[in-house]
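Chemist: Structure provided below as structure tokens; questions to follow.
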Amino acid sequence: MAIAILFWHQNCSKLSLMSLRVMTFNIRNGMAEDGPNHWAKRKELTAETIRNANCDLIGLQEVFDFQLEYLLSELPEYDHYSVGREDGEHAGEQCSILWRRGLFTLKAKGTFWLSNQPTVPNSMTWGNRITRICSWVEFEDGLTFMNTHWDHESVPSRVASANLVLRGLPASKWILVGDFNSEPDWKEMIPLARAEGAQFVTAGNRVATFHDFVGGTIGDHIDHIFASKDLVASDVQVLVSPRGSVYPSDHYPVICRFES
């Protein structure tokens, strides 16, 4: 399988105590009636794309239980945390977090709902018609990794989501990834983009991350990575990995290296 990697930003940094490859990837929900792009026809390619990227921390969006089960069976080198947005257990889409076994020791984990009732599963209070969440894990080394999926219709929901996520950022090192359904310069991105101690790693991306199964590099730039400024970001990539006319998802994965 040929893999084209589109580089659009690269910084050089010295070797350090921590060097991690991070991915955010909306894998497209497997319940969608996508015809030739249905999950059953692309699941092997999705697993292969993740495996070949060789990342240490991964945030996946639009994941159903059966998709996660398949990916974990194909990627035994990863441990995970994932809950359904409809009940906090298995129902509904998930913002799954995968991390390489043996590299991290899990300290804490959780999910909050993007609403005025963040501890209430399936809560929606900001005008969005679909439940939205942010899942997170904290490791013993002090790093927190967060994965979110914001609403695709409601601007007020995305603005409120940004402010809620901002309030939830830890004082220690952190990385936030997800499908934000927002272009880098939209107002809903401002709270995080201008937050003290934060860096908008993918702010300069000019390569589409959502392509709607048609490929190409022109389109929406809605999959992003943020991080605390005490992490050095480099080698940011948008990964294009079709097999013929089949793509692993309607989104491209976004990858970055972090050092500290």
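Naming works like this for the structure tokens: A, B, ... for the chains as they're shown, residue 1 at the start of each chain, ligands 1 onward in shown order.
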Going by DSSP on the backbone, which bits of range 37-107 of chain A are alpha helix (DSSP H)? Write them as JSON, numbers by chain, please.
Modeler: {"A": [39, 40, 41, 42, 43, 44, 45, 46, 47, 48, 49, 50, 51, 52, 53, 65, 66, 67, 68, 69, 70, 71, 72, 73, 74]}
Chemist: DSSP says strand (DSSP E or B) for which residues of range 26-60 of chain A? Put them as number ranges by chain?
Modeler: A: 26, 57-60
Chemist: Applying 7 Å and only C-alpha atoms, which residues near range 22-27 of chain A remain after dropping the ones on its own chain fewer than 4 positions away? List them as a list in words.
Modeler: Cys55, Asp56, Leu57, Ile58, Gly59, Leu60, Gln61, Glu62, Val63, Val177, Gly178, Asp179, Ser249, His251, Tyr252, Pro253, Val254, Ile255, Cys256 and Arg257 of chain A
Chemist: To one decimal in Å, tell me the separation between CA of Ile97 in chain A and CA of Tyr81 in chain A.
Modeler: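 Answer for the CA of Ile97 in chain A to CA of Tyr81 in chain A separation: 5.3 Å.
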Chemist: Write out as a PyMOL selection string the residues lying within 8 Å of Asp220 in chain A, counting only C-alpha atoms and excluding same-chain residues fewer than 6 positions away.
Modeler: chain A and resi 183+208-211
Chemist: Closest to Leu114 in chain A among A:Gly92, A:Pro156, A:Gly197, A:Gly204, using only C-alpha atoms?
Modeler: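 When distances to Leu114 in chain A are compared using only C-alpha atoms, the smallest one comes from A:Pro156.
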Chemist: Neighbouring residues of Met18 in chain A were defined as those with any atom within 10 Å, considering only C-alpha atoms; residues of the same chain fewer than 4 positions away were excluded. Please report them as a list in words.
Modeler: Leu231, Phe258, Glu259 and Ser260 of chain A
Chemist: Only C-alpha atoms, please: the residues just picked out, written as a PDB file, in the first residue's frame.
Modeler:
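To be explicit, this is the file written out as selection_33.pdb:
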```pdb
ATOM      1  CA  LEU A 231       5.962  20.284  24.987  1.00  0.00           C
ATOM      2  CA  PHE A 258       6.190  15.881  20.883  1.00  0.00           C
ATOM      3  CA  GLU A 259       9.312  16.220  22.985  1.00  0.00           C
ATOM      4  CA  SER A 260       9.936  17.685  26.408  1.00  0.00           C
TER       5      SER A 260
END
```
Chemist: Can you pull out the residues contacting range 74-76 of chain A? Cut-off 10 Å, using only C-alpha atoms, and skip same-chain residues under 2 positions away; I want them as a PyMOL selection string.
Modeler: chain A and resi 44+47-48+50-51+68-72+78-79+98+100-101
Chemist: For the residues in the current selection, export C-alpha atoms as an mmCIF file, in the first residue's frame.
Modeler:
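Writing done, so here's again21.cif:
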```
data_model
loop_
_atom_site.group_PDB
_atom_site.id
_atom_site.type_symbol
_atom_site.label_atom_id
_atom_site.label_comp_id
_atom_site.auth_asym_id
_atom_site.auth_seq_id
_atom_site.Cartn_x
_atom_site.Cartn_y
_atom_site.Cartn_z
ATOM 1 C CA GLU A 44 -8.656 -3.568 7.485
ATOM 2 C CA ALA A 47 -6.236 -0.785 11.219
ATOM 3 C CA GLU A 48 -3.336 -0.868 8.770
ATOM 4 C CA ILE A 50 -3.024 3.174 12.420
ATOM 5 C CA ARG A 51 -0.437 0.408 12.661
ATOM 6 C CA LEU A 68 -13.075 -0.594 18.786
ATOM 7 C CA GLU A 69 -13.224 -4.348 19.364
ATOM 8 C CA TYR A 70 -11.965 -4.995 15.854
ATOM 9 C CA LEU A 71 -9.174 -2.418 16.020
ATOM 10 C CA LEU A 72 -7.927 -3.700 19.376
ATOM 11 C CA TYR A 78 -2.217 -0.777 22.475
ATOM 12 C CA ASP A 79 -4.169 -0.425 25.687
ATOM 13 C CA LEU A 98 -5.202 4.245 22.715
ATOM 14 C CA ARG A 100 1.274 1.897 23.555
ATOM 15 C CA ARG A 101 1.546 -0.854 26.151
#
```
Chemist: Could you give me, as a Markdown table, every range 16-89 of chain A residue with an atom at most 7 Å from range 120-144 of chain A, plus its closest atom pair and distance in Å to one decimal, counting only C-alpha atoms, rows ordered by chain then number?
Modeler:
```
| residue | atom | partner | partner_atom | distance |
| --- | --- | --- | --- | --- |
| A:Arg85 | CA | A:Asn122 | CA | 6.0 |
| A:Glu86 | CA | A:Asn122 | CA | 4.5 |
| A:Asp87 | CA | A:Pro121 | CA | 5.2 |
| A:Gly88 | CA | A:Pro121 | CA | 5.6 |
```
Chemist: Using only C-alpha atoms, which of the listed residues (A:Glu196, A:Asp65, A:Glu188, A:Asp235) sits closest to Arg21 in chain A?
Modeler: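 Closest to Arg21 in chain A, using only C-alpha atoms: A:Asp235.
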Chemist: Calculate how many Å separate CA of Pro248 in chain A from CA of Leu176 in chain A, rounding to one decimal.
Modeler: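 CA of Leu176 in chain A lies at a distance of 22.6 Å from CA of Pro248 in chain A.
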